[in-house]
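So the structure is just underneath, and the comments pick up after that.
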Amino acid sequence: MAPLIGLNSCIQYKYPVNISEFRVEKFSMRRYYVRSEGRGYVHLDGDSNGKKEKKSLRVLISGGGIAGLVLALAAKNRGFEVKVFEKDLSAVRGEGRHRGPIQLLSNALAVLKAIDENVAKQIMEAGCVTGNRINGIADGLSGEWRFAKFDLLTPAIRRGLPLTLVISRMSLQDILVNAVGPEILSNKSKVVDFMEDSNKVIITLADGCQYDGEVLIGADGIWSEVRSKLFGRQEAKYSNYTCYSGLTNFVPPYINTVGYRVFLGRNQYFVASDIGNGKMQWYAFNREPPMNNIISAGGKKKRLLNLFKSWCDEVITLIMETPDHMISQRDVYDRDMIYSWGTGRVTLVGDAAHPMQPNLGQGGCMAIEDCYQLILELDKIANSRSSILPSDQIVSALRRYEKKRLFRVSTIHTASRMASQVLAVYQPYIEFGFVPLPGLSTLRIIHPGIQVARMLFPIFMQQFMTWMISGHGLTI
């Protein structure tokens, strides 16, 4: 098959196709399987007899973030011709103090193992495991574990899955970039347009260069150009929360027993996580108008100490231990779910398809699952007997991928939104207002609704977390 070629006098590039099969990790003396909903388990071993001829699909990927790199790695390991176009590989989108490390739950790590065992091993060695400690939700004012402690360890062990961890986005990008290889990555290359005919899709870069392939995947994030070209430009939806994030060299006394904790308040919440090497990452979410980033002379730290002044010692200590220059602010956006992610030879993955709020730590994980489900569908048609892949086969493969991902992704997207909306009515204590008895207004009597939530929340939330980290959503 012809190599990917740049048109309009752009430089032609060729590269050898590295054909290798996905391998299956052994864990605790058990083989690793991915759940096929309603069909038991599906083994991820590829065809190893070497007798079946395989076509090399030409795959173009817009965006070199986590989704684009994971997809490129999966495509490369399946023997596809693949090229990634990224506007700036030197900057990880949303990286650094804005978003900090990324959490990779067991579901994402298991899929990464299926894609590339060596890469998954590097990621697990570079990350900080939090899934073997207490994680959950506490009350922001008292600091008490009033709601739920999530058991992320038992579901993972029972299914032979890796344990949840956090890893620096820069470290994760470096590992993926090195695995994908420089011959596949095209930096300073922003996709601004595309067109397709019956045989191919042609992309146009900002500098006017054009490239053609058989499939185009938009992995270019929440502000996706590919999505805009598919469905028209639409405004992202403000979550009503801004996020202050901080990184501090501080080791709390509970570090050996607590991985991450979410502290709840009314129209506020605070997330604290161990990220290893004697550092803690925290996120303070406050309900306020967008672009409200005018900070007083005292800086962000002073503002946060005022916003959370009545909260528990754990929260106040983390803010106090963080230098002001290590605190950043960004508004949190997502988009409404759409139920078609592409047309023709074009589709979307990750935040380009379904950007979600960070409340469940599943945005990156869903993107990784997307990538592998997409490769499963493309691999089926690449293994077909015909020497030429008809357009309708490619289009059908892309639509199958979208259909199989919709239920799981839309469920988690909805849950992520609901988590923020619940905080608008969160009331941990009864409010007496104006009462004739002195001292009554200062009493802290737990609200009856909180008592009910304490009974029901641990049951349902643990079941949901177990489904989320071990269900994978991958189907054949």
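So you can find residues: chains in the structure tokens are A, B, ... in the order shown, residues in each start at 1, and ligands are numbered from 1 in order.
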
What are the closest atom pairs, with distances in Å to one decimal, for all residues of range 56-158 of chain A lying within 9 Å of range 360-370 of chain A? Consider only C-alpha atoms, order rows by chain and residue number, and present the result as a Markdown table.
```
| residue | atom | partner | partner_atom | distance |
| --- | --- | --- | --- | --- |
| A:Ile66 | CA | A:Gly364 | CA | 7.3 |
| A:Ala67 | CA | A:Ala367 | CA | 5.5 |
| A:Val70 | CA | A:Ile368 | CA | 6.6 |
| A:Leu71 | CA | A:Ile368 | CA | 7.7 |
| A:Ile102 | CA | A:Gly364 | CA | 7.5 |
| A:Gln103 | CA | A:Gly361 | CA | 6.1 |
| A:Leu104 | CA | A:Cys365 | CA | 6.2 |
| A:Leu105 | CA | A:Cys365 | CA | 6.9 |
| A:Ser106 | CA | A:Cys365 | CA | 9.0 |
| A:Asn107 | CA | A:Cys365 | CA | 7.2 |
| A:Ala108 | CA | A:Cys365 | CA | 4.9 |
| A:Leu109 | CA | A:Cys365 | CA | 8.3 |
| A:Val111 | CA | A:Glu369 | CA | 6.6 |
| A:Leu112 | CA | A:Ile368 | CA | 7.5 |
```

With C-alpha atoms retained, write the just-selected residues as a PDB file, in the first residue's frame.
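Result file out06.pdb:
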```
ATOM      1  CA  ILE A  66      -2.754  11.323  25.551  1.00  0.00           C
ATOM      2  CA  ALA A  67      -5.566  10.046  23.324  1.00  0.00           C
ATOM      3  CA  VAL A  70      -2.214   5.993  22.765  1.00  0.00           C
ATOM      4  CA  LEU A  71      -4.171   5.563  19.543  1.00  0.00           C
ATOM      5  CA  ILE A 102      -3.373  12.362  35.683  1.00  0.00           C
ATOM      6  CA  GLN A 103      -5.096   9.519  37.504  1.00  0.00           C
ATOM      7  CA  LEU A 104      -5.110   6.208  35.658  1.00  0.00           C
ATOM      8  CA  LEU A 105      -7.576   3.789  37.164  1.00  0.00           C
ATOM      9  CA  SER A 106      -7.358   0.024  36.774  1.00  0.00           C
ATOM     10  CA  ASN A 107      -9.559   0.031  33.670  1.00  0.00           C
ATOM     11  CA  ALA A 108      -7.182   2.317  31.747  1.00  0.00           C
ATOM     12  CA  LEU A 109      -4.031   0.548  32.904  1.00  0.00           C
ATOM     13  CA  VAL A 111      -6.158  -1.553  28.401  1.00  0.00           C
ATOM     14  CA  LEU A 112      -2.672  -0.037  28.167  1.00  0.00           C
TER      15      LEU A 112
END
```

- [ ] Find the residues around range 184-194 of chain A up to 8 Å (only C-alpha atoms counted), leave out those fewer than 2 positions away in its own chain, and share them as number ranges by chain.
- [x] A: 15, 62-64, 82-89, 180-182, 196, 201-207, 225-226, 229

Open item on the list: Excluding Asp351 in chain A and its own-chain neighbours fewer than 3 positions away, which residues fall within 10 Å of it when counting only C-alpha atoms? Please give them as an MDAnalysis selection string.
Closed with: chainID A and resid 67 218:224 334:335 348 354:356 363:364 366:367

Open item on the list: Taking the DSSP secondary structure from the backbone, can you list the residues of range 43-252 of chain A that are strand (DSSP E), as JSON, numbers by chain?
Closed with: {"A": [43, 58, 59, 60, 61, 62, 81, 82, 83, 84, 85, 102, 103, 104, 128, 129, 134, 135, 136, 137, 138, 139, 148, 149, 150, 165, 166, 167, 185, 186, 191, 192, 193, 194, 195, 196, 201, 202, 203, 204, 205, 210, 211, 212, 213, 215, 216, 217, 218, 237, 238, 239, 240, 241, 242, 243, 244, 245, 246, 247, 248]}

Residues of range 279-309 of chain A that have any atom at most 12 Å from an atom of range 138-144 of chain A: could you tabulate them with the shortest-distance atom pair and the distance in Å to one decimal, using only C-alpha atoms, ordered by chain and increasing number, as JSON lines?
```
{"residue": "A:Ala284", "atom": "CA", "partner": "A:Gly140", "partner_atom": "CA", "distance": 11.2}
{"residue": "A:Phe308", "atom": "CA", "partner": "A:Gly140", "partner_atom": "CA", "distance": 8.9}
{"residue": "A:Lys309", "atom": "CA", "partner": "A:Leu141", "partner_atom": "CA", "distance": 9.5}
```

Those selected residues, please, written with all heavy atoms and delivered as a tab-separated table (two decimals), in the first residue's frame.
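Here's the written file out_35.tsv:
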```
chain	number	residue	atom	x	y	z
A	284	ALA	N	-8.84	22.89	44.49
A	284	ALA	CA	-9.92	23.55	45.22
A	284	ALA	C	-10.93	24.09	44.21
A	284	ALA	O	-10.61	24.98	43.41
A	284	ALA	CB	-9.37	24.69	46.07
A	308	PHE	N	-11.97	29.01	52.17
A	308	PHE	CA	-12.06	27.74	52.91
A	308	PHE	C	-11.70	27.93	54.40
A	308	PHE	O	-11.27	26.98	55.06
A	308	PHE	CB	-11.13	26.70	52.28
A	308	PHE	CG	-11.56	26.28	50.89
A	308	PHE	CD1	-11.15	26.98	49.76
A	308	PHE	CD2	-12.38	25.18	50.72
A	308	PHE	CE1	-11.55	26.59	48.49
A	308	PHE	CE2	-12.80	24.78	49.45
A	308	PHE	CZ	-12.38	25.49	48.33
A	309	LYS	N	-11.91	29.12	54.92
A	309	LYS	CA	-11.45	29.44	56.27
A	309	LYS	C	-12.09	28.59	57.36
A	309	LYS	O	-11.50	28.36	58.41
A	309	LYS	CB	-11.70	30.92	56.55
A	309	LYS	CG	-13.16	31.35	56.47
A	309	LYS	CD	-13.29	32.86	56.64
A	309	LYS	CE	-14.74	33.30	56.48
A	309	LYS	NZ	-14.87	34.78	56.58
```

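Between CA of Gly350 in chain A and CA of Arg227 in chain A there is a distance of 11.5 Å.
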
Task: Surrounding residues of Val215 in chain A excluding itself and chain neighbours under 3 positions, 9 Å, only C-alpha atoms, as a ChimeraX atom specification - done: /A:57-61,200-201,212,344-347,394-395

Please write the residues from the selection above to a file, keeping C-alpha atoms, as a short mmCIF file (atom, residue, chain, number, x, y, z; two decimals), in the first residue's frame.
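Result file follows (part_29.cif):
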```
data_model
loop_
_atom_site.label_atom_id
_atom_site.label_comp_id
_atom_site.auth_asym_id
_atom_site.auth_seq_id
_atom_site.Cartn_x
_atom_site.Cartn_y
_atom_site.Cartn_z
CA LEU A 57 -4.66 0.95 6.95
CA ARG A 58 -3.45 4.53 6.58
CA VAL A 59 -4.58 6.32 9.74
CA LEU A 60 -4.31 10.08 10.26
CA ILE A 61 -4.60 11.40 13.83
CA LYS A 200 -9.60 8.61 1.07
CA VAL A 201 -9.73 11.55 3.45
CA ASP A 212 -4.20 11.78 2.72
CA GLY A 344 -17.86 8.82 6.73
CA ARG A 345 -14.18 8.04 7.29
CA VAL A 346 -13.87 10.44 10.24
CA THR A 347 -14.52 9.93 13.96
CA ILE A 394 -14.26 1.38 7.00
CA VAL A 395 -17.30 3.53 7.64
#
```

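Minimum distance to Tyr211 in chain A across A:Ile469, A:Val271, A:Met195, A:Gly160 (counting only C-alpha atoms) occurs at A:Met195.
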
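Distance annotation: of A:Ala397, A:Ile157, A:Met291, A:Val177, the residue with the minimal separation from Asp331 in chain A is A:Met291; atom set is only C-alpha atoms.
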
Task: Neighbour list for Glu314 in chain A as a ChimeraX atom specification, cut-off 9 Å, only C-alpha atoms, skip fewer than 4 positions in-chain - done: /A:143,252,318-319

Saved selection, atoms kept: all heavy atoms, as an mmCIF file, in the first residue's frame:
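And here is the file that came out, result_15.cif:
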```cif
data_model
loop_
_atom_site.group_PDB
_atom_site.id
_atom_site.type_symbol
_atom_site.label_atom_id
_atom_site.label_comp_id
_atom_site.auth_asym_id
_atom_site.auth_seq_id
_atom_site.Cartn_x
_atom_site.Cartn_y
_atom_site.Cartn_z
ATOM 1 N N GLY A 143 -13.837 17.151 58.301
ATOM 2 C CA GLY A 143 -12.776 16.259 57.863
ATOM 3 C C GLY A 143 -13.103 14.792 58.054
ATOM 4 O O GLY A 143 -12.280 13.925 57.739
ATOM 5 N N PRO A 252 1.749 14.616 54.595
ATOM 6 C CA PRO A 252 0.837 14.581 55.745
ATOM 7 C C PRO A 252 1.022 13.311 56.555
ATOM 8 O O PRO A 252 1.529 12.307 56.039
ATOM 9 C CB PRO A 252 -0.545 14.629 55.086
ATOM 10 C CG PRO A 252 -0.340 14.081 53.719
ATOM 11 C CD PRO A 252 1.042 14.470 53.311
ATOM 12 N N LEU A 318 -2.826 22.090 53.782
ATOM 13 C CA LEU A 318 -2.322 21.933 52.414
ATOM 14 C C LEU A 318 -2.218 23.279 51.698
ATOM 15 O O LEU A 318 -1.247 23.538 50.984
ATOM 16 C CB LEU A 318 -3.222 20.985 51.628
ATOM 17 C CG LEU A 318 -3.066 19.502 51.951
ATOM 18 C CD1 LEU A 318 -4.156 18.683 51.273
ATOM 19 C CD2 LEU A 318 -1.693 18.993 51.537
ATOM 20 N N ILE A 319 -3.193 24.144 51.893
ATOM 21 C CA ILE A 319 -3.124 25.479 51.279
ATOM 22 C C ILE A 319 -1.971 26.279 51.876
ATOM 23 O O ILE A 319 -1.196 26.922 51.154
ATOM 24 C CB ILE A 319 -4.458 26.228 51.458
ATOM 25 C CG1 ILE A 319 -5.591 25.481 50.753
ATOM 26 C CG2 ILE A 319 -4.341 27.655 50.907
ATOM 27 C CD1 ILE A 319 -6.974 26.063 51.010
#
```

Open item on the list: DSSP on the backbone, helix (DSSP H, G or I) only: what residues of range 125-215 of chain A does that give? Format it as a VMD selection string.
Closed with: chain A and resid 125 to 126 153 to 158 169 to 180

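Taking CA of Val129 in chain A and CA of Ile375 in chain A as endpoints, the distance between them is 28.0 Å.
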
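Comparing the minimum interatomic distances between Val422 in chain A and each of A:Gly276, A:Gly259, A:Pro323, A:Gly265, counting only C-alpha atoms, we find that A:Gly265 sits nearest.
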
Task: Close residues, Ser245 in chain A itself excluded, 6 Å, only C-alpha atoms, min 5 positions apart in chain, as a PyMOL selection string - done: chain A and resi 282-283+327-328

Task: For Lys403 in chain A, the nearest of the candidates A:Asn240, A:Asn135, A:Ser391, A:Gln373, counting only C-alpha atoms - done: A:Gln373

TODO: Would you work out the distance separating CA of Lys237 in chain A from CA of Ser416 in chain A, expressed in Å to one decimal?
DONE: 13.6 Å

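Residues in contact with range 461-468 of chain A at up to 8 Å, not including ones fewer than 5 positions away on its chain and judged by only C-alpha atoms, are Asn107, Ala148, Phe150, Asp151, Leu152 and Pro155 of chain A.
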